[in-house]
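**Student:** I'm passing along final_0.txt; it holds compact mmCIF, C-alpha atoms and all ligand atoms.
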# COMPACT_ATOMS: atom_id res chain seq x y z
CA MET A 565 66.69 112.75 148.12
CA ALA A 566 64.43 109.90 147.05
CA PRO A 567 63.44 109.99 143.39
CA VAL A 568 59.85 110.10 142.18
CA LYS A 569 58.87 106.56 141.12
CA LEU A 570 57.94 105.96 137.53
CA ASP A 571 54.45 104.55 137.11
CA MET A 572 54.97 102.36 134.07
CA ASP A 573 51.54 100.75 134.01
CA ARG A 574 49.84 104.09 134.11
CA LEU A 575 51.94 105.17 131.15
CA ILE A 576 51.22 102.11 129.02
CA ASP A 577 47.56 101.83 130.07
CA ASP A 578 46.91 105.42 129.08
CA ARG A 579 45.38 105.22 125.61
CA ARG A 580 46.73 108.65 124.82
CA THR A 581 50.25 107.23 124.90
CA ARG A 582 50.88 106.28 121.27
CA ILE A 583 54.65 106.20 121.05
CA VAL A 584 57.26 105.20 123.62
CA VAL A 585 60.89 105.83 122.69
CA CYS A 586 63.69 104.12 124.60
CA CYS A 587 66.89 106.15 124.32
CA GLY A 588 70.26 105.94 125.97
CA SER A 589 73.91 105.27 125.30
CA GLY A 590 75.23 101.95 124.01
CA GLY A 591 74.63 98.69 125.83
CA VAL A 592 72.46 100.04 128.64
CA GLY A 593 69.36 97.99 127.88
CA LYS A 594 67.34 100.00 125.34
CA THR A 595 66.38 97.00 123.23
CA THR A 596 65.51 94.95 126.29
CA ALA A 597 63.43 97.73 127.81
CA ALA A 598 61.57 98.42 124.56
CA ALA A 599 60.70 94.75 124.08
CA ALA A 600 59.68 94.32 127.74
CA ILE A 601 57.43 97.39 127.64
CA GLY A 602 55.85 96.31 124.35
CA LEU A 603 55.13 92.86 125.72
CA ARG A 604 53.66 94.18 128.94
CA ALA A 605 51.49 96.67 127.09
CA ALA A 606 50.22 93.92 124.78
CA GLU A 607 49.40 91.66 127.71
CA ARG A 608 47.52 94.53 129.32
CA GLY A 609 45.32 94.89 126.30
CA ARG A 610 47.04 97.19 123.86
CA GLN A 611 47.71 96.65 120.17
CA ALA A 612 51.44 97.10 120.52
CA CYS A 613 54.21 97.11 117.99
CA VAL A 614 57.87 97.05 118.93
CA LEU A 615 60.34 98.52 116.47
CA THR A 616 63.67 96.99 117.43
CA VAL A 617 66.97 97.89 115.92
CA ASP A 618 69.56 95.40 117.08
CA PRO A 619 68.10 92.64 119.21
CA ALA A 620 70.58 89.99 120.30
CA ARG A 621 70.09 86.82 118.31
CA ARG A 622 68.42 84.75 120.96
CA LEU A 623 66.01 87.52 121.87
CA ALA A 624 65.19 88.05 118.20
CA GLN A 625 64.50 84.35 117.77
CA SER A 626 62.27 84.18 120.81
CA MET A 627 60.20 87.03 119.37
CA GLY A 628 60.02 85.36 115.99
CA LEU A 629 62.21 88.02 114.42
CA THR A 630 64.06 85.64 112.19
CA SER A 631 63.30 87.03 108.77
CA LEU A 632 64.36 90.51 107.90
CA ASP A 633 61.44 91.62 105.80
CA ASN A 634 61.10 95.01 107.38
CA THR A 635 57.43 94.66 108.30
CA PRO A 636 55.99 93.97 111.74
CA ARG A 637 55.16 90.32 112.45
CA ARG A 638 52.89 88.96 115.14
CA VAL A 639 54.78 87.60 118.15
CA ASP A 640 53.65 84.18 119.35
CA GLY A 641 53.47 83.19 123.00
CA VAL A 642 51.92 86.47 124.12
CA ASP A 643 48.96 86.35 126.50
CA THR A 644 46.24 88.03 124.46
CA SER A 645 43.37 87.27 126.82
CA GLY A 646 43.13 90.97 127.63
CA GLY A 647 42.38 91.72 123.99
CA GLY A 648 45.84 93.01 123.14
CA SER A 649 48.43 91.85 120.64
CA LEU A 650 52.13 92.21 120.02
CA HIS A 651 53.85 92.74 116.72
CA ALA A 652 57.55 93.24 116.35
CA MET A 653 59.96 94.09 113.63
CA MET A 654 63.67 94.47 113.32
CA LEU A 655 64.79 97.52 111.40
CA ASP A 656 66.63 96.79 108.19
CA MET A 657 68.27 100.09 107.49
CA LYS A 658 69.25 99.45 103.88
CA ARG A 659 65.88 97.92 103.02
CA THR A 660 64.07 100.94 104.49
CA PHE A 661 66.24 103.26 102.43
CA ASP A 662 65.62 101.23 99.27
CA GLU A 663 61.89 101.26 99.89
CA ILE A 664 61.86 105.02 100.09
CA VAL A 665 63.70 105.26 96.80
CA GLU A 666 61.32 102.79 95.19
CA ALA A 667 58.30 104.61 96.49
CA HIS A 668 59.41 108.05 95.41
CA ALA A 669 61.24 107.67 92.13
CA ASP A 670 60.01 106.26 88.84
CA PRO A 671 61.23 102.71 88.19
CA ASP A 672 64.11 103.65 85.86
CA ARG A 673 65.43 106.31 88.13
CA ALA A 674 64.96 104.09 91.16
CA ALA A 675 67.00 101.36 89.51
CA GLN A 676 69.66 103.91 88.65
CA ILE A 677 69.86 105.14 92.22
CA LEU A 678 69.85 101.66 93.78
CA ALA A 679 72.74 100.59 91.55
CA ASN A 680 74.77 103.69 92.24
CA PRO A 681 77.91 103.06 94.33
CA PHE A 682 77.40 106.31 96.25
CA TYR A 683 73.92 105.33 97.15
CA GLN A 684 75.09 101.91 98.21
CA SER A 685 77.70 103.24 100.54
CA LEU A 686 75.45 105.97 101.91
CA SER A 687 72.55 103.62 102.53
CA SER A 688 74.59 101.04 104.33
CA SER A 689 77.25 102.91 106.18
CA PHE A 690 76.81 106.64 106.55
CA ALA A 691 76.84 107.55 110.21
CA GLY A 692 73.33 108.62 110.99
CA THR A 693 71.55 106.62 108.32
CA GLN A 694 70.33 104.15 110.88
CA GLU A 695 68.91 106.87 113.10
CA TYR A 696 67.30 108.51 110.13
CA MET A 697 65.80 105.22 109.03
CA ALA A 698 64.51 104.46 112.52
CA MET A 699 62.65 107.76 112.43
CA GLU A 700 61.44 107.11 108.91
CA LYS A 701 60.11 103.69 109.91
CA LEU A 702 58.48 105.11 113.01
CA GLY A 703 56.76 107.70 110.83
CA GLN A 704 55.52 104.95 108.50
CA LEU A 705 54.25 102.74 111.32
CA ARG A 706 52.49 105.61 113.01
CA HIS A 707 50.96 106.63 109.72
CA ALA A 708 49.72 103.09 109.05
CA ASP A 709 47.70 103.45 112.26
CA GLU A 710 47.38 99.69 112.79
CA TRP A 711 48.75 99.81 116.32
CA ASP A 712 47.68 101.93 119.20
CA LEU A 713 51.10 101.84 120.82
CA ILE A 714 54.47 101.80 119.10
CA VAL A 715 57.51 101.15 121.24
CA VAL A 716 60.73 102.26 119.62
CA ASP A 717 64.17 100.95 120.35
CA THR A 718 66.91 103.31 119.17
CA PRO A 719 70.12 102.50 117.27
CA PRO A 720 73.25 101.44 119.10
CA SER A 721 74.96 104.81 118.82
CA ARG A 722 77.61 105.87 121.23
CA SER A 723 75.54 108.86 122.15
CA ALA A 724 71.84 108.98 122.91
CA LEU A 725 71.66 112.36 121.24
CA ASP A 726 72.46 110.81 117.87
CA PHE A 727 68.89 109.64 117.54
CA LEU A 728 67.72 113.24 117.55
CA ASP A 729 70.67 114.74 115.71
CA ALA A 730 71.50 112.27 112.99
CA PRO A 731 68.51 112.84 110.69
CA GLN A 732 69.33 116.52 110.47
CA ARG A 733 73.01 115.77 110.05
CA LEU A 734 72.19 113.47 107.17
CA GLY A 735 70.07 116.26 105.74
CA ARG A 736 72.91 118.73 106.06
CA PHE A 737 75.25 116.28 104.39
CA LEU A 738 72.96 115.77 101.43
CA ASP A 739 72.42 119.49 101.28
CA GLY A 740 76.07 120.26 101.77
CA ARG A 741 78.42 122.30 99.69
CA LEU A 742 80.49 119.48 98.27
CA ILE A 743 77.36 117.72 97.12
CA ARG A 744 76.05 120.95 95.59
CA LEU A 745 79.32 121.48 93.83
CA LEU A 746 79.33 117.99 92.44
CA THR A 747 75.90 118.45 91.00
CA VAL A 748 76.36 121.81 89.34
CA PRO A 749 77.46 120.49 85.96
CA ALA A 750 74.72 117.89 85.88
CA ARG A 751 72.07 120.41 86.86
CA ALA A 752 73.13 123.28 84.71
CA GLY A 753 73.65 121.28 81.56
CA MET A 754 76.30 121.77 78.96
CA SER A 755 75.42 125.29 77.86
CA TYR A 756 76.13 126.54 81.33
CA MET A 757 79.33 124.57 81.41
CA LYS A 758 80.70 126.62 78.52
CA VAL A 759 80.43 129.87 80.40
CA LEU A 760 81.81 128.50 83.60
CA ASN A 761 84.78 130.42 84.73
CA ALA A 762 88.19 128.91 84.49
CA GLY A 763 88.40 128.51 88.26
CA PHE A 764 85.44 126.21 88.37
CA ALA A 765 86.62 124.21 85.40
CA MET A 766 89.92 123.71 87.20
CA MET A 767 88.11 122.69 90.32
CA THR A 768 86.12 120.10 88.42
CA SER A 769 89.17 118.76 86.72
CA ALA A 770 90.98 118.61 90.04
CA LEU A 771 88.10 116.63 91.49
CA THR A 772 88.17 114.37 88.47
CA LYS A 773 91.85 113.77 89.06
CA ILE A 774 91.38 113.02 92.70
CA LEU A 775 88.21 111.02 92.47
CA GLY A 776 88.48 109.63 88.96
CA ALA A 777 86.04 110.47 86.18
CA GLN A 778 83.74 107.53 86.83
CA VAL A 779 83.44 108.25 90.54
CA LEU A 780 82.70 111.89 89.91
CA LYS A 781 80.08 110.93 87.38
CA ASP A 782 78.55 108.44 89.84
CA ALA A 783 78.42 111.08 92.52
CA GLN A 784 76.79 113.53 90.17
CA THR A 785 74.15 111.14 88.91
CA PHE A 786 73.44 110.01 92.42
CA VAL A 787 72.89 113.47 93.74
CA THR A 788 70.85 114.65 90.78
CA ALA A 789 68.65 111.62 90.94
CA PHE A 790 68.37 111.96 94.68
CA ASP A 791 67.73 115.65 94.62
CA THR A 792 64.22 115.29 93.27
CA MET A 793 63.33 113.08 96.20
CA PHE A 794 65.26 114.76 98.86
CA GLY A 795 62.77 117.45 99.67
CA GLY A 796 60.43 114.63 100.65
CA PHE A 797 63.08 113.03 102.79
CA ARG A 798 63.68 116.10 104.82
CA GLU A 799 60.02 116.91 105.16
CA ARG A 800 59.26 113.47 106.49
CA ALA A 801 62.14 113.60 108.95
CA GLU A 802 60.80 116.94 110.15
CA ALA A 803 57.27 115.59 110.40
CA THR A 804 58.46 112.66 112.52
CA TYR A 805 60.46 115.04 114.65
CA ARG A 806 57.30 117.05 115.28
CA LEU A 807 55.44 113.83 116.06
CA LEU A 808 58.00 113.19 118.78
CA GLN A 809 57.06 116.52 120.33
CA THR A 810 53.38 115.69 120.67
CA PRO A 811 51.95 114.67 124.04
CA GLY A 812 51.18 111.15 122.73
CA THR A 813 54.92 110.45 122.77
CA ALA A 814 56.80 109.38 125.88
CA PHE A 815 60.57 109.26 125.99
CA LEU A 816 62.22 106.91 128.42
CA VAL A 817 65.90 107.42 128.98
CA VAL A 818 67.66 104.18 129.80
CA ALA A 819 70.93 104.27 131.71
CA ALA A 820 73.13 101.94 133.64
CA PRO A 821 74.18 103.17 137.09
CA GLU A 822 77.59 104.16 135.75
CA PRO A 823 79.15 107.62 135.41
CA ASP A 824 79.26 107.73 131.59
CA ALA A 825 75.77 106.40 131.04
CA LEU A 826 74.26 108.75 133.61
CA ARG A 827 76.15 111.74 132.25
CA GLU A 828 74.80 110.86 128.84
CA ALA A 829 71.31 110.52 130.31
CA SER A 830 71.65 113.99 131.82
CA TYR A 831 72.58 115.53 128.47
CA PHE A 832 69.70 113.78 126.85
CA VAL A 833 67.19 114.89 129.45
CA GLU A 834 68.29 118.49 129.03
CA ARG A 835 68.08 118.20 125.29
CA LEU A 836 64.54 116.78 125.39
CA ASP A 837 63.59 119.67 127.60
CA ALA A 838 65.08 122.17 125.16
CA GLU A 839 63.23 120.53 122.26
CA ARG A 840 60.02 120.36 124.28
CA MET A 841 59.88 116.62 123.85
CA PRO A 842 57.90 114.74 126.49
CA LEU A 843 60.10 112.82 128.90
CA ALA A 844 58.33 110.14 130.93
CA GLY A 845 61.24 109.03 133.07
CA LEU A 846 64.56 107.36 133.60
CA ILE A 847 65.06 103.60 133.61
CA LEU A 848 68.04 102.80 135.75
CA ASN A 849 68.92 99.35 134.48
CA ARG A 850 71.17 96.67 135.93
CA VAL A 851 71.45 97.96 139.45
CA HIS A 852 73.11 95.67 141.94
CA VAL A 853 71.46 94.83 145.19
CA SER A 854 72.43 92.16 147.63
CA PRO A 855 69.90 89.80 149.18
CA ALA A 856 72.06 89.91 152.29
CA ALA A 857 72.16 93.67 152.60
CA ARG A 858 72.01 93.54 156.39
CA LEU A 859 75.63 92.48 156.47
CA SER A 860 77.61 95.62 155.72
CA ALA A 861 80.72 95.67 153.53
CA ALA A 862 82.87 96.68 156.50
CA ARG A 863 81.67 93.87 158.78
CA SER A 864 81.92 91.39 155.95
CA LEU A 865 85.55 92.38 155.27
CA ALA A 866 86.40 92.28 158.96
CA ALA A 867 85.00 88.75 159.15
CA ALA A 868 87.01 87.71 156.09
CA GLU A 869 90.16 89.01 157.73
CA ALA A 870 89.42 87.21 160.95
CA LEU A 871 89.08 83.98 158.99
CA ASP A 872 92.41 84.67 157.23
CA VAL A 873 94.09 85.11 160.58
CA HIS A 874 92.56 81.89 161.76
CA ASP A 875 93.87 80.07 158.68
CA GLN A 876 97.36 81.49 159.15
CA GLY A 877 97.60 80.35 162.75
CA ASP A 878 98.67 76.82 163.45
CA SER A 879 95.31 75.65 164.71
CA PRO A 880 94.63 72.22 163.24
CA GLY A 881 90.92 72.93 162.46
CA PRO A 882 89.28 73.36 159.06
CA ARG A 883 90.46 76.01 156.59
CA TYR A 884 88.19 78.97 155.90
CA GLY A 885 89.57 80.25 152.58
CA LEU A 886 86.34 79.71 150.70
CA ALA A 887 84.19 81.43 153.33
CA ALA A 888 86.59 84.38 153.38
CA GLY A 889 86.28 84.59 149.58
CA VAL A 890 82.50 84.68 149.73
CA LEU A 891 82.60 87.39 152.38
CA ARG A 892 84.94 89.47 150.22
CA MET A 893 82.65 89.05 147.23
CA HIS A 894 79.75 90.17 149.33
CA ALA A 895 81.70 93.24 150.48
CA GLU A 896 82.52 94.09 146.88
CA ARG A 897 78.92 93.82 145.85
CA MET A 898 77.79 95.98 148.73
CA ASN A 899 80.34 98.61 147.76
CA LEU A 900 79.27 98.46 144.12
CA GLY A 901 75.65 98.92 145.21
CA LYS A 902 76.66 101.91 147.33
CA ARG A 903 78.57 103.48 144.44
CA GLU A 904 75.59 102.99 142.16
CA ARG A 905 73.27 104.54 144.72
CA ARG A 906 75.50 107.61 144.99
CA LEU A 907 75.51 108.02 141.21
CA ALA A 908 71.75 107.66 141.05
CA GLU A 909 71.31 110.21 143.83
CA HIS A 910 73.56 112.58 141.97
CA PHE A 911 71.29 112.30 138.94
CA THR A 912 68.16 112.73 141.03
CA SER A 913 69.46 115.82 142.76
CA ALA A 914 70.20 117.38 139.37
CA HIS A 915 66.80 116.33 137.97
CA PRO A 916 64.50 115.95 140.97
CA ALA A 917 61.27 115.92 138.97
CA ILE A 918 62.15 113.02 136.71
CA PRO A 919 60.46 109.75 137.66
CA VAL A 920 62.81 106.80 137.96
CA ALA A 921 62.31 103.07 137.61
CA GLU A 922 65.07 100.76 138.76
CA VAL A 923 65.70 97.31 137.34
CA VAL A 924 68.00 94.97 139.20
CA ALA A 925 70.68 93.18 137.25
CA GLN A 926 69.42 89.73 136.37
CA PRO A 927 71.71 86.76 136.84
CA GLU A 928 71.43 86.04 133.10
CA ASP A 929 70.92 87.89 129.83
CA VAL A 930 67.32 88.61 128.93
CA HIS A 931 66.71 86.41 125.93
CA ASP A 932 63.10 85.22 125.88
CA LEU A 933 59.54 86.30 126.56
CA ASP A 934 59.70 85.07 130.15
CA GLY A 935 62.79 87.17 130.75
CA LEU A 936 61.06 90.17 129.19
CA ARG A 937 58.01 89.59 131.39
CA VAL A 938 60.22 89.67 134.47
CA ILE A 939 61.73 92.98 133.37
CA GLY A 940 58.26 94.37 132.60
CA THR A 941 57.02 93.38 136.04
CA ILE A 942 60.02 94.95 137.77
CA LEU A 943 59.55 98.13 135.74
CA SER A 944 55.96 98.34 136.86
CA GLN A 945 56.35 97.42 140.49
CA GLN A 946 58.54 100.14 141.85
CA SER A 947 57.89 100.06 145.56
CA PRO A 948 57.35 103.57 146.86
N1 LIG B 1001 68.44 94.11 133.87
C1 LIG B 1001 69.25 93.30 133.16
N2 LIG B 1001 69.84 92.24 133.76
C2 LIG B 1001 70.65 91.41 133.07
N3 LIG B 1001 70.95 91.57 131.78
C3 LIG B 1001 70.41 92.60 131.13
C4 LIG B 1001 69.52 93.51 131.77
N4 LIG B 1001 69.15 94.44 130.86
C5 LIG B 1001 69.77 94.11 129.70
N5 LIG B 1001 70.52 93.01 129.85
C6 LIG B 1001 71.38 92.36 128.84
O1 LIG B 1001 72.37 93.28 128.46
C7 LIG B 1001 72.67 93.17 127.09
C8 LIG B 1001 72.52 94.52 126.41
O2 LIG B 1001 71.18 94.91 126.48
P1 LIG B 1001 70.46 95.62 125.25
O3 LIG B 1001 69.02 95.78 125.62
O4 LIG B 1001 70.75 94.92 123.98
O5 LIG B 1001 71.19 97.03 125.30
P2 LIG B 1001 71.15 98.21 124.22
O6 LIG B 1001 69.99 97.97 123.31
O7 LIG B 1001 71.01 99.47 125.02
O8 LIG B 1001 72.47 98.16 123.51
C9 LIG B 1001 71.75 92.10 126.54
O9 LIG B 1001 72.45 90.91 126.48
C10 LIG B 1001 70.64 92.02 127.57
O10 LIG B 1001 70.07 90.72 127.64
MG MG B 1002 69.98 97.83 121.29
Translate this structure into structure tokens?
**Tutor:**
Amino acid sequence: MAPVKLDMDRLIDDRRTRIVVCCGSGGVGKTTAAAAIGLRAAERGRQACVLTVDPARRLAQSMGLTSLDNTPRRVDGVDTSGGGSLHAMMLDMKRTFDEIVEAHADPDRAAQILANPFYQSLSSSFAGTQEYMAMEKLGQLRHADEWDLIVVDTPPSRSALDFLDAPQRLGRFLDGRLIRLLTVPARAGMSYMKVLNAGFAMMTSALTKILGAQVLKDAQTFVTAFDTMFGGFRERAEATYRLLQTPGTAFLVVAAPEPDALREASYFVERLDAERMPLAGLILNRVHVSPAARLSAARSLAAAEALDVHDQGDSPGPRYGLAAGVLRMHAERMNLGKRERRLAEHFTSAHPAIPVAEVVAQPEDVHDLDGLRVIGTILSQQSP
């Protein structure tokens, strides 16, 4: 069954499209796709902003993303003759977290939180913080309303679902029982401490023994200080989540034509459906096609073998080892292409209504605006 083709230009030309989110498992091309779509949209007249998470260094440099100041910067070298513009920023997870603290706590308390070792480890390493911060930043950018299209790259998680799950997981963690327990003494004050039952006192002293008094105190001050802000945190994460459900959002699932990536894409597609989040299509990235597709793998291999036989005989003519090697490589590529096609068809038969755009594997990494333009053009010119 042939898949429905994704009409990328219609998607990015539609002024009602305000947010495009590129999701997918690690290494499939999310950052590349997000940047290519942002660039194309800008060159077709939109005020676009790309929120990237982990661009490779050369790509970052070519987009002018050299300073990590956590605000969108104008990208040079973009054709703005259509009236559009491109801004880009690279998400600095810790900086975003710090900014929230600074914006929502009074200066003393903010300083106290920022210096707290628990805060420092949570803000820079807790699994899910990056996803949460990507959502937070998206909420901020959308709220600022300076761009009419925001293209979001998602963090390099193993699983595409992390982008949707992590903010809530972080919420559950901060809301969790251990955290509650740690904060009880600080919240209740000393008078309450006196009437605490012996069991709880023992528990606290056990924790003190395990964690050390200073660590326990740090944890308590962190959570108490954080608690006053946390309602806001969760509310904003929920608001952004709802924003993702509005029709102005378009999810694009990026996958490589490989079993794991496509399985992941399937999960993600089902999840979006369950959450009523608008899916625009699948980008099947890095597919292999051969320019000499008329020569089948089987015939190519047969020819290679014939050349081998010729070389082994005692005819005095030229040797054909190199030609045989090229033919074998061609056969391998044809077989790879066939395998990829089968995997893609498997996905399409499970999700026949999902539009697909295929991007052929480029001979080189995509590391500059020209490379992004090529990807954008391929994405938009899916022959029927
Ligand atoms: N169609 C493609 N052809 C060749 N290289 C590609 C293609 N798409 C992505 N790449 C390269 O693959 C690498 C990973 O892509 P990236 O967009 O960073 O993936 P992700 O963000 O999903 O981890 C990058 O070096 C990028 O330049
Ligand atoms: Mg990436």
**Student:** Point out the residue among A:Val817, A:Ala862, A:Val584, A:Val639 with the least atom-to-atom distance to ligand LIG 1001 (chain B), counting all atoms listed in the file.
**Tutor:**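 Result for the nearest residue to ligand LIG 1001 (chain B): A:Val817.
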**Student:** Show which residues sit within 8 Å of range 884-888 of chain A, as an MDAnalysis selection string. Count only C-alpha atoms, and ignore same-chain residues fewer than 6 positions away.
**Tutor:** chainID A and resid 867:869 871:872 874:875
**Student:** For a quick check of your reading of the model, name the residues lying within 7 Å of the coordinate (63.4, 94.3, 139.7), counting only C-alpha atoms, and write them as JSON, numbers by chain.
**Tutor:** {"A": [922, 923, 924, 939, 942, 943]}
**Student:** So which residues are near ligand LIG 1001 (chain B), meaning at most 6 Å away with only C-alpha atoms and all ligand atoms counted, given back as a list in words?
**Tutor:** Gly590, Gly591, Val592, Gly593, Lys594, Thr595, Thr596, Pro619, Pro720, Asn849, Arg850, Val923, Val924, Ala925, Gln926, Glu928, Asp929, Val930 and His931 of chain A
**Student:** Using Å and a single decimal, report how far CA of Gly703 in chain A sits from CA of Glu839 in chain A.
**Tutor:**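 Separating CA of Glu839 in chain A from CA of Gly703 in chain A is a distance of 18.4 Å.
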**Student:** When distances are computed from all atoms listed in the file, which of A:Ser688, A:Met572, A:Ala724, A:Asn634 shows the smallest separation from ligand MG 1002 (chain B)?
**Tutor:**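 Of A:Ser688, A:Met572, A:Ala724, A:Asn634, the one nearest ligand MG 1002 (chain B), counting all atoms listed in the file, is A:Ala724.
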**Student:** Please find the residues contacting ligand MG 1002 (chain B) at a distance of at most 12 Å between atoms, with all atoms listed in the file counted, and report them as a PyMOL selection string.
**Tutor:** chain A and resi 586-599+615-621+623-624+654-655+716-722+724+818
**Student:** Neighbouring residues of Arg858 in chain A were defined as those with any atom within 10 Å, considering all atoms listed in the file; residues of the same chain fewer than 4 positions away were excluded. Please report them as a PyMOL selection string.
**Tutor:** chain A and resi 854+863+898
**Student:** Between CA of Gly901 in chain A and CA of Arg827 in chain A, what is the spacing in Å?
**Tutor:**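 That distance, rounded to one decimal, is 18.2 Å.
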**Student:** Measure the distance from CA of Leu848 in chain A to CA of Val920 in chain A in Å and round it to one decimal.
**Tutor:**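 So the answer is 6.9 Å.
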**Student:** Which residue, A:Leu629, A:Ile583, A:Val665, A:Leu650, has the smallest gap to Ile714 in chain A when you use all atoms listed in the file?
**Tutor:**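 Going through A:Leu629, A:Ile583, A:Val665, A:Leu650 one by one, the smallest distance to Ile714 in chain A is for A:Ile583.
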**Student:** Rank A:Asp640, A:Met627, A:Ala866, A:Gln946 by their smallest atom-to-atom distance to Ile847 in chain A, using all atoms listed in the file, and report the top residue only.
**Tutor:**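 Ranked by minimum distance to Ile847 in chain A, first place goes to A:Gln946.
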**Student:** Quick one: of A:Leu575, A:Ile677, A:Met657, A:Val833, who's nearest to Thr912 in chain A, counting only C-alpha atoms?
**Tutor:**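 For Thr912 in chain A, the nearest of the given residues is A:Val833.
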**Student:** Please identify all polymer residues lying at most 6 Å from the point (57.5, 91.0, 128.6) (file coordinates), using only C-alpha atoms, and present the result as a PyMOL selection string.
**Tutor:** chain A and resi 600+603-604+933+936-937+940
**Student:** Skip Gly845 in chain A itself and residues of its chain fewer than 2 positions away, then list as a list in words all residues within 6 Å of it, counting all atoms listed in the file.
**Tutor:** Leu816, Leu843, Ile918, Pro919 and Val920 of chain A
**Student:** Under the rule that all atoms listed in the file are counted, which of A:Thr813, A:Ser947, A:Asn899, A:Gln876 is the nearest residue to Asp578 in chain A?
**Tutor:** A:Thr813
**Student:** What are the nearest atom pairs, with distances in Å to one decimal, for all residues of range 567-664 of chain A that come at most 9 Å from range 804-811 of chain A, using only C-alpha atoms, set out by chain and rising residue number as a tab-separated table?
**Tutor:**
residue	atom	partner	partner_atom	distance
A:Arg580	CA	A:Pro811	CA	8.0
A:Thr581	CA	A:Pro811	CA	7.7
A:Arg582	CA	A:Pro811	CA	8.9
A:Ile583	CA	A:Leu808	CA	8.1
A:Val585	CA	A:Leu808	CA	8.8
